[in-house]
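Structure file final14.cif (mmCIF, C-alpha atoms and all ligand atoms) is printed below.
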```cif
data_run
#
loop_
_atom_site.label_atom_id
_atom_site.label_comp_id
_atom_site.auth_asym_id
_atom_site.auth_seq_id
_atom_site.Cartn_x
_atom_site.Cartn_y
_atom_site.Cartn_z
CA MET A 228 156.86 181.72 -45.84
CA SER A 229 158.26 180.52 -42.55
CA GLU A 230 156.23 181.19 -39.42
CA GLU A 231 159.35 181.83 -37.34
CA GLY A 232 160.24 184.82 -39.49
CA LEU A 233 156.88 186.48 -39.02
CA ILE A 234 155.88 186.38 -35.39
CA ASP A 235 157.95 187.40 -32.39
CA TRP A 236 156.53 184.95 -29.85
CA ASP A 237 158.62 186.23 -26.95
CA SER A 238 157.22 189.75 -27.03
CA MET A 239 153.59 188.58 -27.08
CA THR A 240 151.29 189.69 -24.23
CA PHE A 241 147.61 189.17 -23.42
CA SER A 242 146.36 191.74 -25.92
CA PHE A 243 144.62 191.90 -29.27
CA THR A 244 146.40 190.97 -32.51
CA PRO A 245 144.41 190.50 -35.73
CA THR A 246 144.91 187.15 -37.51
CA ASP A 247 144.26 185.81 -41.03
CA VAL A 248 140.71 184.53 -41.19
CA MET A 249 137.46 184.48 -39.26
CA TYR A 250 134.30 182.41 -39.45
CA ARG A 251 130.79 183.71 -40.00
CA ALA A 252 127.35 182.08 -40.12
CA THR A 253 123.97 183.77 -40.11
CA CYS A 254 120.50 182.52 -39.30
CA ASN A 255 117.03 184.07 -39.30
CA GLN A 256 114.85 183.78 -36.21
CA GLY A 257 112.84 180.58 -36.59
CA ASP A 258 115.21 178.92 -39.09
CA ALA A 259 117.84 176.25 -38.42
CA TRP A 260 121.55 177.19 -38.49
CA GLN A 261 123.41 176.37 -41.69
CA PRO A 262 127.21 176.04 -41.52
CA GLY A 263 129.01 179.31 -42.21
CA GLU A 264 132.16 180.20 -44.07
CA MET A 265 135.66 181.47 -43.56
CA GLU A 266 136.54 184.96 -44.68
CA PRO A 267 139.52 187.28 -44.27
CA TYR A 268 139.69 188.82 -40.79
CA GLY A 269 138.33 192.36 -40.91
CA ASP A 270 135.63 194.83 -39.98
CA ILE A 271 131.99 193.90 -40.44
CA THR A 272 128.94 195.92 -41.45
CA ILE A 273 126.03 196.00 -39.03
CA SER A 274 122.75 197.93 -38.78
CA PRO A 275 122.69 200.62 -36.06
CA ALA A 276 119.32 199.11 -35.15
CA ALA A 277 120.83 195.63 -34.53
CA GLY A 278 119.50 193.93 -31.40
CA VAL A 279 123.00 193.38 -30.06
CA LEU A 280 123.92 197.08 -30.27
CA ASN A 281 120.71 198.40 -28.72
CA TYR A 282 119.68 195.75 -26.22
CA GLY A 283 122.80 193.68 -25.65
CA GLN A 284 121.43 190.53 -27.26
CA GLY A 285 124.82 188.90 -27.44
CA LEU A 286 127.00 186.17 -25.95
CA PHE A 287 130.66 185.30 -26.11
CA GLU A 288 132.86 182.33 -25.35
CA GLY A 289 136.56 182.15 -24.55
CA MET A 290 138.77 179.15 -25.19
CA LYS A 291 142.32 178.32 -26.20
CA ALA A 292 144.10 176.24 -28.81
CA GLN A 293 147.56 175.18 -27.74
CA ARG A 294 150.57 173.60 -29.34
CA SER A 295 150.96 170.33 -27.47
CA VAL A 296 154.39 168.90 -26.60
CA ASN A 297 153.70 166.32 -29.34
CA GLY A 298 153.61 169.12 -31.91
CA GLY A 299 149.89 168.98 -32.68
CA ILE A 300 147.31 171.67 -32.01
CA VAL A 301 144.84 170.81 -29.27
CA LEU A 302 141.64 172.19 -27.77
CA PHE A 303 140.52 171.68 -24.17
CA ARG A 304 136.91 170.41 -23.72
CA PRO A 305 135.54 172.56 -26.57
CA GLU A 306 132.20 170.73 -26.50
CA ARG A 307 131.63 172.35 -23.10
CA ASN A 308 131.99 175.82 -24.62
CA GLY A 309 129.56 174.80 -27.35
CA ALA A 310 127.01 173.57 -24.82
CA ARG A 311 127.42 176.72 -22.72
CA LEU A 312 126.92 178.97 -25.75
CA ALA A 313 123.74 177.04 -26.59
CA ASP A 314 122.46 177.44 -23.00
CA GLY A 315 123.18 181.16 -23.16
CA ALA A 316 121.43 181.45 -26.52
CA ARG A 317 118.27 179.94 -25.04
CA ARG A 318 118.44 182.35 -22.09
CA LEU A 319 118.80 185.39 -24.39
CA GLY A 320 116.15 184.32 -26.90
CA MET A 321 118.61 183.46 -29.66
CA PRO A 322 118.65 180.31 -31.82
CA PRO A 323 121.24 177.94 -30.24
CA VAL A 324 124.13 176.96 -32.51
CA PRO A 325 124.23 173.13 -32.64
CA VAL A 326 127.28 171.85 -30.73
CA GLU A 327 128.50 169.82 -33.74
CA MET A 328 128.41 172.92 -35.94
CA PHE A 329 130.20 174.89 -33.20
CA LEU A 330 133.01 172.29 -32.97
CA ASP A 331 133.39 172.09 -36.72
CA ALA A 332 133.60 175.90 -36.97
CA ILE A 333 136.19 176.10 -34.18
CA GLU A 334 138.36 173.49 -35.89
CA GLN A 335 138.14 175.30 -39.23
CA VAL A 336 139.15 178.68 -37.78
CA VAL A 337 142.01 177.22 -35.77
CA ALA A 338 143.29 175.16 -38.71
CA ALA A 339 143.12 178.17 -41.04
CA ASN A 340 145.05 180.30 -38.52
CA ALA A 341 147.45 177.50 -37.50
CA ARG A 342 150.51 179.69 -38.07
CA TRP A 343 149.30 181.90 -35.20
CA VAL A 344 149.37 179.10 -32.60
CA PRO A 345 152.45 179.82 -30.46
CA PRO A 346 155.06 177.13 -29.78
CA THR A 347 154.48 175.13 -26.56
CA GLY A 348 155.11 177.31 -23.51
CA LYS A 349 154.97 180.59 -25.44
CA GLY A 350 151.23 181.14 -25.03
CA ALA A 351 148.11 180.08 -26.85
CA LEU A 352 145.73 180.96 -29.64
CA TYR A 353 142.81 182.55 -27.83
CA ILE A 354 139.52 181.73 -29.55
CA ARG A 355 136.59 184.11 -29.30
CA PRO A 356 133.23 182.81 -30.56
CA VAL A 357 130.42 185.40 -30.47
CA LEU A 358 126.69 185.09 -31.08
CA TRP A 359 124.81 188.32 -31.74
CA GLY A 360 121.33 189.47 -32.66
CA THR A 361 122.35 191.39 -35.80
CA GLY A 362 118.91 191.94 -37.35
CA ALA A 363 117.38 195.43 -36.99
CA ILE A 364 114.67 195.67 -34.33
CA LEU A 365 113.09 198.75 -32.78
CA GLY A 366 111.13 197.26 -29.87
CA VAL A 367 112.72 195.29 -27.02
CA ALA A 368 112.34 191.82 -28.52
CA PRO A 369 114.53 189.11 -30.08
CA ALA A 370 116.19 190.29 -33.31
CA PRO A 371 115.02 188.84 -36.64
CA GLU A 372 118.55 187.71 -37.63
CA TYR A 373 121.58 186.24 -35.82
CA THR A 374 125.29 186.11 -36.56
CA PHE A 375 127.70 183.54 -35.15
CA MET A 376 131.33 184.55 -35.64
CA ILE A 377 134.66 183.23 -34.45
CA TYR A 378 137.92 185.13 -34.49
CA VAL A 379 141.21 184.14 -32.93
CA CYS A 380 144.13 186.01 -31.45
CA PRO A 381 147.54 184.77 -30.29
CA VAL A 382 148.32 185.58 -26.66
CA GLY A 383 151.53 185.29 -24.67
CA PRO A 384 151.79 183.20 -21.50
CA TYR A 385 149.54 184.60 -18.78
CA PHE A 386 152.27 184.36 -16.14
CA LYS A 387 155.49 185.63 -17.65
CA GLY A 388 158.30 184.58 -15.34
CA GLY A 389 156.17 182.25 -13.19
CA MET A 390 152.97 182.50 -11.15
CA HIS A 391 152.61 185.44 -8.79
CA PRO A 392 149.93 185.57 -6.11
CA ILE A 393 147.46 188.42 -6.61
CA ALA A 394 145.79 190.74 -4.07
CA LEU A 395 142.00 191.08 -4.22
CA LYS A 396 139.50 193.48 -2.75
CA VAL A 397 135.99 192.45 -1.68
CA SER A 398 133.46 194.87 -3.16
CA ASP A 399 131.01 196.12 -0.55
CA GLU A 400 129.43 198.41 -3.13
CA TYR A 401 128.79 196.37 -6.28
CA HIS A 402 127.33 192.98 -7.17
CA ARG A 403 127.82 191.05 -10.38
CA ALA A 404 124.57 189.15 -10.78
CA ALA A 405 121.26 188.61 -9.00
CA PRO A 406 119.05 185.50 -8.75
CA GLY A 407 116.96 185.13 -11.88
CA GLY A 408 119.33 187.32 -13.93
CA SER A 409 121.91 186.36 -16.52
CA GLY A 410 124.95 185.71 -14.31
CA ALA A 411 125.17 182.05 -15.32
CA VAL A 412 125.67 182.77 -19.02
CA LYS A 413 128.36 184.73 -20.85
CA ALA A 414 125.94 187.50 -21.81
CA ILE A 415 127.92 190.49 -23.11
CA GLY A 416 125.89 192.82 -20.91
CA ASN A 417 127.27 191.23 -17.74
CA TYR A 418 130.77 192.58 -18.31
CA ALA A 419 130.65 196.36 -18.79
CA PRO A 420 129.20 196.99 -15.29
CA GLY A 421 132.29 195.31 -13.79
CA MET A 422 134.80 197.48 -15.61
CA MET A 423 134.60 200.57 -13.40
CA PRO A 424 134.75 198.63 -10.07
CA SER A 425 137.66 196.60 -11.38
CA LYS A 426 139.48 199.67 -12.66
CA ASN A 427 139.05 201.39 -9.29
CA ALA A 428 140.37 198.31 -7.47
CA LYS A 429 143.39 198.29 -9.79
CA SER A 430 144.15 201.93 -9.07
CA ASP A 431 144.12 200.97 -5.35
CA GLY A 432 146.75 198.31 -6.06
CA PHE A 433 144.49 195.23 -6.28
CA ALA A 434 144.41 192.84 -9.23
CA GLU A 435 140.62 192.40 -9.17
CA ILE A 436 137.35 192.60 -7.23
CA ILE A 437 135.72 189.75 -5.32
CA TYR A 438 131.95 189.86 -5.68
CA LEU A 439 129.71 188.69 -2.86
CA ASP A 440 126.14 187.47 -3.44
CA ALA A 441 123.54 190.16 -4.08
CA VAL A 442 121.00 188.85 -1.53
CA GLU A 443 122.89 188.43 1.75
CA HIS A 444 126.16 190.09 0.77
CA ARG A 445 128.01 187.35 2.55
CA TYR A 446 128.94 184.53 0.18
CA ILE A 447 131.69 184.69 -2.43
CA GLU A 448 130.47 184.53 -6.01
CA GLU A 449 133.35 185.27 -8.34
CA VAL A 450 136.64 187.09 -8.80
CA GLY A 451 136.07 189.49 -11.70
CA ALA A 452 135.48 187.02 -14.53
CA ALA A 453 136.98 183.96 -12.84
CA ASN A 454 135.68 181.32 -10.41
CA PHE A 455 136.83 181.17 -6.80
CA PHE A 456 138.35 178.32 -4.78
CA CYS A 457 139.82 178.06 -1.30
CA VAL A 458 141.50 175.30 0.68
CA LYS A 459 141.07 174.75 4.42
CA ASP A 460 142.62 171.79 6.27
CA GLY A 461 143.23 169.99 2.98
CA VAL A 462 139.59 170.27 1.82
CA ILE A 463 138.83 172.28 -1.33
CA TYR A 464 135.82 174.61 -1.33
CA THR A 465 134.19 176.44 -4.22
CA PRO A 466 130.90 178.35 -4.46
CA GLU A 467 128.06 176.13 -5.66
CA LEU A 468 126.39 177.03 -8.96
CA THR A 469 123.21 178.73 -7.83
CA GLY A 470 122.40 180.50 -11.11
CA THR A 471 124.32 183.70 -10.39
CA ILE A 472 127.76 182.17 -11.00
CA LEU A 473 129.23 181.43 -14.42
CA PRO A 474 129.80 177.66 -14.72
CA GLY A 475 133.49 177.75 -15.65
CA ILE A 476 134.98 174.87 -17.58
CA THR A 477 138.24 175.38 -15.68
CA ARG A 478 136.21 175.23 -12.45
CA ALA A 479 134.52 171.96 -13.47
CA SER A 480 137.87 170.47 -14.52
CA ILE A 481 139.61 171.44 -11.27
CA ILE A 482 136.80 169.81 -9.29
CA GLU A 483 137.07 166.55 -11.28
CA LEU A 484 140.86 166.56 -11.14
CA ALA A 485 140.99 167.25 -7.39
CA ILE A 486 138.48 164.47 -6.65
CA HIS A 487 140.51 162.10 -8.83
CA LYS A 488 143.62 163.03 -6.81
CA GLY A 489 141.76 162.06 -3.62
CA TYR A 490 140.84 165.51 -2.32
CA LYS A 491 137.48 166.20 -0.81
CA VAL A 492 135.79 168.98 -2.81
CA VAL A 493 132.86 170.83 -1.30
CA GLU A 494 130.55 172.89 -3.51
CA GLU A 495 128.46 175.06 -1.23
CA LYS A 496 127.92 178.68 -0.27
CA VAL A 497 131.36 179.98 0.71
CA ASP A 498 131.16 182.63 3.44
CA ILE A 499 133.68 185.48 3.21
CA GLN A 500 134.42 185.06 6.95
CA PHE A 501 135.38 181.43 6.35
CA VAL A 502 137.59 182.46 3.43
CA LEU A 503 139.45 185.01 5.54
CA GLU A 504 140.57 182.02 7.66
CA ALA A 505 141.38 179.65 4.77
CA ASP A 506 144.86 178.22 4.11
CA GLU A 507 145.04 178.79 0.32
CA CYS A 508 142.88 180.66 -2.18
CA PHE A 509 142.97 180.78 -5.95
CA CYS A 510 140.78 181.72 -8.87
CA ALA A 511 140.24 179.81 -12.10
CA GLY A 512 139.39 180.54 -15.72
CA THR A 513 140.59 179.86 -19.25
CA ALA A 514 143.00 182.80 -19.49
CA ALA A 515 145.19 182.13 -16.43
CA VAL A 516 143.98 178.55 -15.74
CA ILE A 517 144.72 179.13 -12.02
CA SER A 518 145.79 182.37 -10.32
CA PRO A 519 147.02 182.05 -6.75
CA ILE A 520 145.57 184.63 -4.36
CA GLY A 521 148.11 186.12 -1.96
CA ALA A 522 145.83 188.51 -0.10
CA ILE A 523 142.16 189.42 0.29
CA CYS A 524 141.05 192.73 1.81
CA GLN A 525 137.59 193.71 2.91
CA GLY A 526 137.48 197.29 4.12
CA ASP A 527 140.55 197.74 6.31
CA VAL A 528 140.86 194.03 7.14
CA CYS A 529 143.37 192.10 5.05
CA THR A 530 144.32 188.44 5.17
CA THR A 531 147.50 187.08 3.61
CA TYR A 532 147.73 183.49 2.40
CA CYS A 533 150.82 181.25 2.34
CA ASN A 534 153.07 184.26 3.11
CA ASN A 535 152.18 185.52 -0.35
CA GLN A 536 153.70 182.39 -1.94
CA VAL A 537 151.92 179.89 -4.19
CA GLY A 538 150.12 177.31 -2.02
CA ALA A 539 151.05 173.63 -2.40
CA ILE A 540 147.59 172.45 -3.49
CA THR A 541 147.19 175.45 -5.81
CA ARG A 542 150.51 174.54 -7.45
CA GLU A 543 149.65 170.85 -7.67
CA LEU A 544 146.33 171.52 -9.41
CA TYR A 545 147.87 174.12 -11.75
CA ASP A 546 150.64 171.73 -12.80
CA ALA A 547 148.22 168.84 -13.28
CA LEU A 548 145.73 170.83 -15.35
CA THR A 549 148.27 172.64 -17.54
CA GLY A 550 150.09 169.29 -17.95
CA ILE A 551 146.94 167.73 -19.39
CA GLN A 552 146.28 170.79 -21.57
CA THR A 553 149.70 170.61 -23.26
CA GLN A 554 149.82 166.78 -23.27
CA VAL A 555 152.80 166.65 -20.90
CA GLU A 556 150.50 164.43 -18.82
CA SER A 557 148.25 161.74 -20.24
CA ASP A 558 144.67 162.77 -20.95
CA GLU A 559 142.96 160.30 -18.61
CA PHE A 560 139.69 162.18 -18.69
CA GLY A 561 139.37 162.52 -22.48
CA TRP A 562 139.47 166.32 -22.29
CA ILE A 563 141.77 166.97 -25.24
CA ARG A 564 140.55 167.31 -28.81
CA ALA A 565 143.19 167.44 -31.55
CA VAL A 566 142.63 169.85 -34.44
CA PRO A 567 143.36 168.20 -37.77
CA VAL A 568 145.79 170.57 -39.48
CA ALA A 569 147.63 170.11 -42.72
CA GLU A 570 150.83 171.84 -41.62
CA ILE A 571 152.13 174.01 -44.43
CA SER A 572 155.74 175.12 -44.19
CA ALA A 573 155.89 176.99 -47.49
CA GLU A 574 153.38 178.47 -49.87
C1 LIG A 601 134.32 182.91 -18.60
C2 LIG A 601 134.10 183.16 -17.15
C3 LIG A 601 134.63 182.32 -16.14
C4 LIG A 601 135.58 181.18 -16.42
O1 LIG A 601 135.07 180.21 -17.27
P1 LIG A 601 136.06 179.21 -18.02
O2 LIG A 601 135.13 178.35 -18.81
O3 LIG A 601 136.80 178.47 -17.00
O4 LIG A 601 136.95 180.06 -18.86
C5 LIG A 601 134.29 182.59 -14.83
N1 LIG A 601 133.51 183.63 -14.50
C6 LIG A 601 133.01 184.46 -15.43
C7 LIG A 601 132.14 185.59 -15.01
C8 LIG A 601 133.29 184.27 -16.78
O5 LIG A 601 132.80 185.09 -17.70
#
```

Will you turn the file into structure tokens for me?
Amino acid sequence: MSEEGLIDWDSMTFSFTPTDVMYRATCNQGDAWQPGEMEPYGDITISPAAGVLNYGQGLFEGMKAQRSVNGGIVLFRPERNGARLADGARRLGMPPVPVEMFLDAIEQVVAANARWVPPTGKGALYIRPVLWGTGAILGVAPAPEYTFMIYVCPVGPYFKGGMHPIALKVSDEYHRAAPGGSGAVKAIGNYAPGMMPSKNAKSDGFAEIIYLDAVEHRYIEEVGAANFFCVKDGVIYTPELTGTILPGITRASIIELAIHKGYKVVEEKVDIQFVLEADECFCAGTAAVISPIGAICQGDVCTTYCNNQVGAITRELYDALTGIQTQVESDEFGWIRAVPVAEISAE
């Protein structure tokens, strides 16, 4: 069975495609996690009284496996996703999956679905780990049983035909997270409330919403489900992690990379008025890595950046980070983890 014959890589978009196998482990409240097993990808059975379905006791992660230019399959800082999932589990009253077990599970799922990893430059294998309270529970309390699953899905390149700057709208109506809430973890319940605002912004011609902070309604928090950056006079600014912002792994990597390249990076509260006068803006997350921002509108006031072209520093950071991720550039920071795969060409 040749992989070329099966999958049309060039028609692939950022949408859902089922793959061969998924991983599942379960654990009772109070017990330690035991490694799970691989099973064919498919529907699962769950109690209607499951904690995740009734009270949103659930978390997700998002990461990518890529075909490196050397031919191997590589992950980008997966231990960070494992640590973030464990932090989220503690916040939502779930037993944290040990990071070593997380990494082992990720490697198993990717290796077992290796034929779904696109060739270099044709996209990635998106990896979706989830942790849910699956035990039945009537009262609002942690579920008696937990399920940790991982499924994967091939996705096409985020920017087909090159990067295009996006236009964003500042929301003066909605906030994403409040101090003391769950904004800093990938709690499933954080995402549905953003769907309607984002859909409305899209029907007005914007790619996404910019959320300001819920207390003063003045400082940028995030762009939909991505972190925000701007550049002014050669200095890079990004909102500091105050507990309402999701600590992106792309964000952390851009900061380290930019400092290494000699840029000054300032993590502080980033005022929307300051941003409207910035030189370049971009947002960052696993899916797109970096998306240049061409325009930001708040009410009737719109600012355009770099004549709606990709800014020079935005481009430099995008090229450097994606170069490391596909091993075009050397991995000076030790961010790449190779997945041991016994490549099978025929079965
Ligand atoms: C996942 C996510 C990000 C980006 O995190 P990465 O680790 O870089 O993918 C940013 N903001 C929100 C709200 C997210 O859910």

Point-to-point distance in Å for atom CA of Phe243 of chain A and atom CA of Leu280 of chain A: 21.4 Å

How close does segment 465-494 of chain A get to segment 301-318 of chain A? List, as CSV, each residue of segment 465-494 of chain A within 10 Å, its nearest atom pair and the distance in Å to one decimal, counting all atoms listed in the file.
```
residue,atom,partner,partner_atom,distance
A:Leu473,CA,A:Arg311,CA,9.7
A:Pro474,CA,A:Arg311,CA,8.4
A:Gly475,CA,A:Asn308,CA,9.3
A:Ile476,CA,A:Arg307,CA,6.9
A:Thr477,CA,A:Phe303,CA,9.5
A:Ser480,CA,A:Arg304,CA,9.3
```

Shell of 12 Å around Val568 of chain A, all atoms listed in the file, local chain residues under 5 positions omitted, as number ranges by chain: A: 294, 298-301, 334-342, 344

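Between atom CA of Ala515 of chain A and atom CA of Phe386 of chain A lies a distance of 7.4 Å.
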
Expected answer as JSON, numbers by chain: residues within 7 Å of ligand LIG 601 (chain A), only C-alpha atoms and all ligand atoms: {"A": [288, 289, 290, 413, 449, 451, 452, 453, 454, 472, 473, 474, 475, 476, 477, 478, 511, 512, 513, 514]}

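Taking atom CA of Gly521 of chain A as the reference point, atom CA of Leu503 of chain A is found at 11.5 Å.
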
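Nearest residue to His391 of chain A, choosing from A:Pro267, A:Gly470, A:Pro275, A:Pro519 and counting all atoms listed in the file: A:Pro519.
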
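Closest to Lys459 of chain A among A:Val379, A:Ala404, A:Ala434, A:Cys508 is A:Cys508, based on all atoms listed in the file.
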
For Pro381 of chain A: contacts at 8 Å, all atoms listed in the file, fewer than 6 positions along chain excluded, given as JSON, numbers by chain: {"A": [239, 243, 244, 343, 344, 345, 350, 351, 352, 353]}

Neighbours of point (120.7, 195.6, -37.2) within 12 Å, using only C-alpha atoms, written as a ChimeraX atom specification: /A:271-284,359-365,369-374

Might I get the box with edges along x, y and z of the file that holds all atoms of segment 250-253 of chain A listed there, padded by 4 Å on every side, given as centre and edge lengths in Å to one decimal, as AutoDock Vina command-line options?
```
--center_x 129.1 --center_y 182.9 --center_z -39.8 --size_x 18.3 --size_y 9.7 --size_z 8.7
```

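The smallest atom-to-atom distance between Pro424 of chain A and any of A:Val502, A:Val397, A:Val412, A:Leu233, using all atoms listed in the file, is found for A:Val397.
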
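Remark: residues at most 8 Å from position (136.4, 192.1, -4.1) in file coordinates are Leu395, Lys396, Val397, Ser398, Asp399, Glu435, Ile436, Ile437, Tyr438, Leu439, Val450, Ile523, Cys524 and Gln525 of chain A, using all atoms listed in the file.
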